[in-house]
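*Asks:* This structure is in structure tokens; I'll ask about it shortly.
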Amino acid sequence: MKRGVSWLLTVLSVFLVGCTAEKAVVSWGNAPIRVGEHLAVGDFMFDTGATYSAVFDDSILLAGSPVSSETVYDINRSRKKQDIYKIRLLEIGDVSVENGSFIYVPRTELPSYMDQFKGIIGMNIINRANWFFDTRANRVEVCPKDYLISIPDDALCLSYRSSNVHPETSLVIEDILFRKVRIDFGSYHTLDLNPSDIVRINELAAEKHIGSEATSSFSLFQDKIPKTLHEYQDVNVGDSFVFTSLKIHENETDTDIRRIGFGFINYFHYFFIDTQNRKIYLFN
């Protein structure tokens, strides 16, 4: 495995043991967003699949200092010592993060498509506020955790829990309940489901299956991963939402992690992340 991969495993898939850094304080504000295959707030990737936040430019660290060096574990249980920096003040657009804890990853360790970002906003920062995204106006409002908005009755609600601090939910597709689905904004896919899941959908909604094709998926961990991409039309998701076109990447095995990626979230014009009550509302 390349050296750079071990850094990225640390940033995007780890949970920390005994970290002594203080929690970040996120001040109320708003910032521009960029919506493409990934979601960017200011110049930072917004990634619910990242346990910890990260910075890629060492100049940002001038405002902070290392506060701990902890043993971290990736999803394969390999270990690595990593410095955790507490940065006194970090401006992300019009949003301020005070005393936030970040891992430093040198740009030389990153894949080329990450060059557009200064860092990653991971769950340790996301969990300190509520977030309202308007993809039409390309803006995000960052609010105190007790701040709520008026939600339309037809909004799709994803109630989530934490599995090693990654948000995890259940999802109903064509009346089939899928449990333990990771919400991973860092993935550009719409959905990743297991082979047996695809079989169940095809059995219940054969007339909605448009077709399948072999493709490749790029990852932070491998250059290319062979995948089968399935496309469906007029698919019922949750209680009321219908995807006119839904693309699902098939995992290699039934033990792989099911994921909701940013491609799923990007079907909607608005979404609100209520971290206090652990709910994500999606609506148009």
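Chain labels A, B, ... are given in the sequence in which chains occur in the structure tokens; within each chain residues are numbered consecutively from 1, and ligands are likewise numbered from 1 in the order shown.
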As a ChimeraX atom specification, list the residues of region 53-250 of chain A assigned to alpha helix (DSSP H) by DSSP on the backbone atoms of this structure.
*Replies:* /A:123-126,195-204
*Asks:* Please provide the set of residues having any atom within 10 Å of Cys143 (chain A), restricted to only C-alpha atoms, with same-chain residues fewer than 3 positions apart removed, written as JSON, numbers by chain.
*Replies:* {"A": [26, 27, 28, 29, 30, 95, 128, 129, 130, 131, 132, 140, 146, 147, 148, 274]}
*Asks:* May I ask which of the residues A:Phe283, A:Phe133, A:Tyr52, A:Phe271 is the closest one to Tyr104 (chain A), counting only C-alpha atoms?
*Replies:*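 Using only C-alpha atoms, Tyr104 (chain A) sits closest to A:Tyr52.
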*Asks:* Pick out the residues sitting within 9 Å of region 236-246 of chain A, and hand them over as a list in words; count only C-alpha atoms, and ignore anything fewer than 2 positions along from it in its own chain.
*Replies:*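 Contacts, in chain order: Asp154, Ala155, Leu156, Cys157, Leu158, Leu171, Val172, Ile173, Glu174, Asp175, Thr190, Leu191, His230, Glu231, Tyr232, Gln233, Asp234, Ile248, Phe264 and Tyr267 of chain A.
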*Asks:* Per DSSP on the backbone, what are the strand (DSSP E or B) residues of region 76-149 of chain A, as a ChimeraX atom specification?
*Replies:* /A:79-92,95-104,119-121,130-134,139-143
*Asks:* Can you spit out the residues from that selection as a compact mmCIF listing (two decimals), in the first residue's frame, using C-alpha atoms?
*Replies:*
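The resulting file, out20.txt, is shown below:
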# COMPACT_ATOMS: atom_id res chain seq x y z
CA ARG A 79 -2.37 1.47 13.67
CA LYS A 80 -0.60 4.76 13.23
CA LYS A 81 0.64 7.51 15.53
CA GLN A 82 -0.70 10.88 14.41
CA ASP A 83 -0.35 14.41 15.78
CA ILE A 84 -3.58 16.26 16.53
CA TYR A 85 -3.38 20.04 16.21
CA LYS A 86 -5.65 22.51 17.95
CA ILE A 87 -5.99 25.63 15.82
CA ARG A 88 -7.07 28.71 17.74
CA LEU A 89 -9.11 30.23 14.91
CA LEU A 90 -9.82 28.97 11.41
CA GLU A 91 -11.96 30.94 8.97
CA ILE A 92 -13.94 28.82 6.49
CA VAL A 95 -17.74 30.50 9.33
CA SER A 96 -15.29 30.55 12.23
CA VAL A 97 -14.00 27.46 14.00
CA GLU A 98 -12.43 28.26 17.36
CA ASN A 99 -10.03 25.85 19.05
CA GLY A 100 -10.77 23.16 16.48
CA SER A 101 -8.78 19.94 16.44
CA PHE A 102 -7.33 18.87 13.09
CA ILE A 103 -5.01 16.25 11.67
CA TYR A 104 -2.33 17.61 9.32
CA GLY A 119 -8.74 20.50 4.17
CA ILE A 120 -11.66 18.41 5.34
CA ILE A 121 -14.54 19.29 7.66
CA ASN A 130 -26.52 22.57 12.77
CA TRP A 131 -26.09 23.05 9.01
CA PHE A 132 -28.57 24.28 6.40
CA PHE A 133 -27.49 23.90 2.75
CA ASP A 134 -29.14 25.68 -0.17
CA ARG A 139 -24.67 28.79 0.40
CA VAL A 140 -24.65 27.17 3.80
CA GLU A 141 -25.91 28.60 7.08
CA VAL A 142 -24.07 27.32 10.14
CA CYS A 143 -26.23 27.62 13.24
*Asks:* My list of candidates is A:Arg161, A:His189, A:Lys208, A:Arg200. Which is closest to Lys227 (chain A) when distances are computed with only C-alpha atoms?
*Replies:*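 Closest to Lys227 (chain A) of all the choices is A:His189.
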*Asks:* To one decimal place in Å, what is the distance between CA of Lys118 (chain A) and CA of Leu61 (chain A)?
*Replies:*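 So the two atoms, CA of Lys118 (chain A) and CA of Leu61 (chain A), lie 11.8 Å apart.
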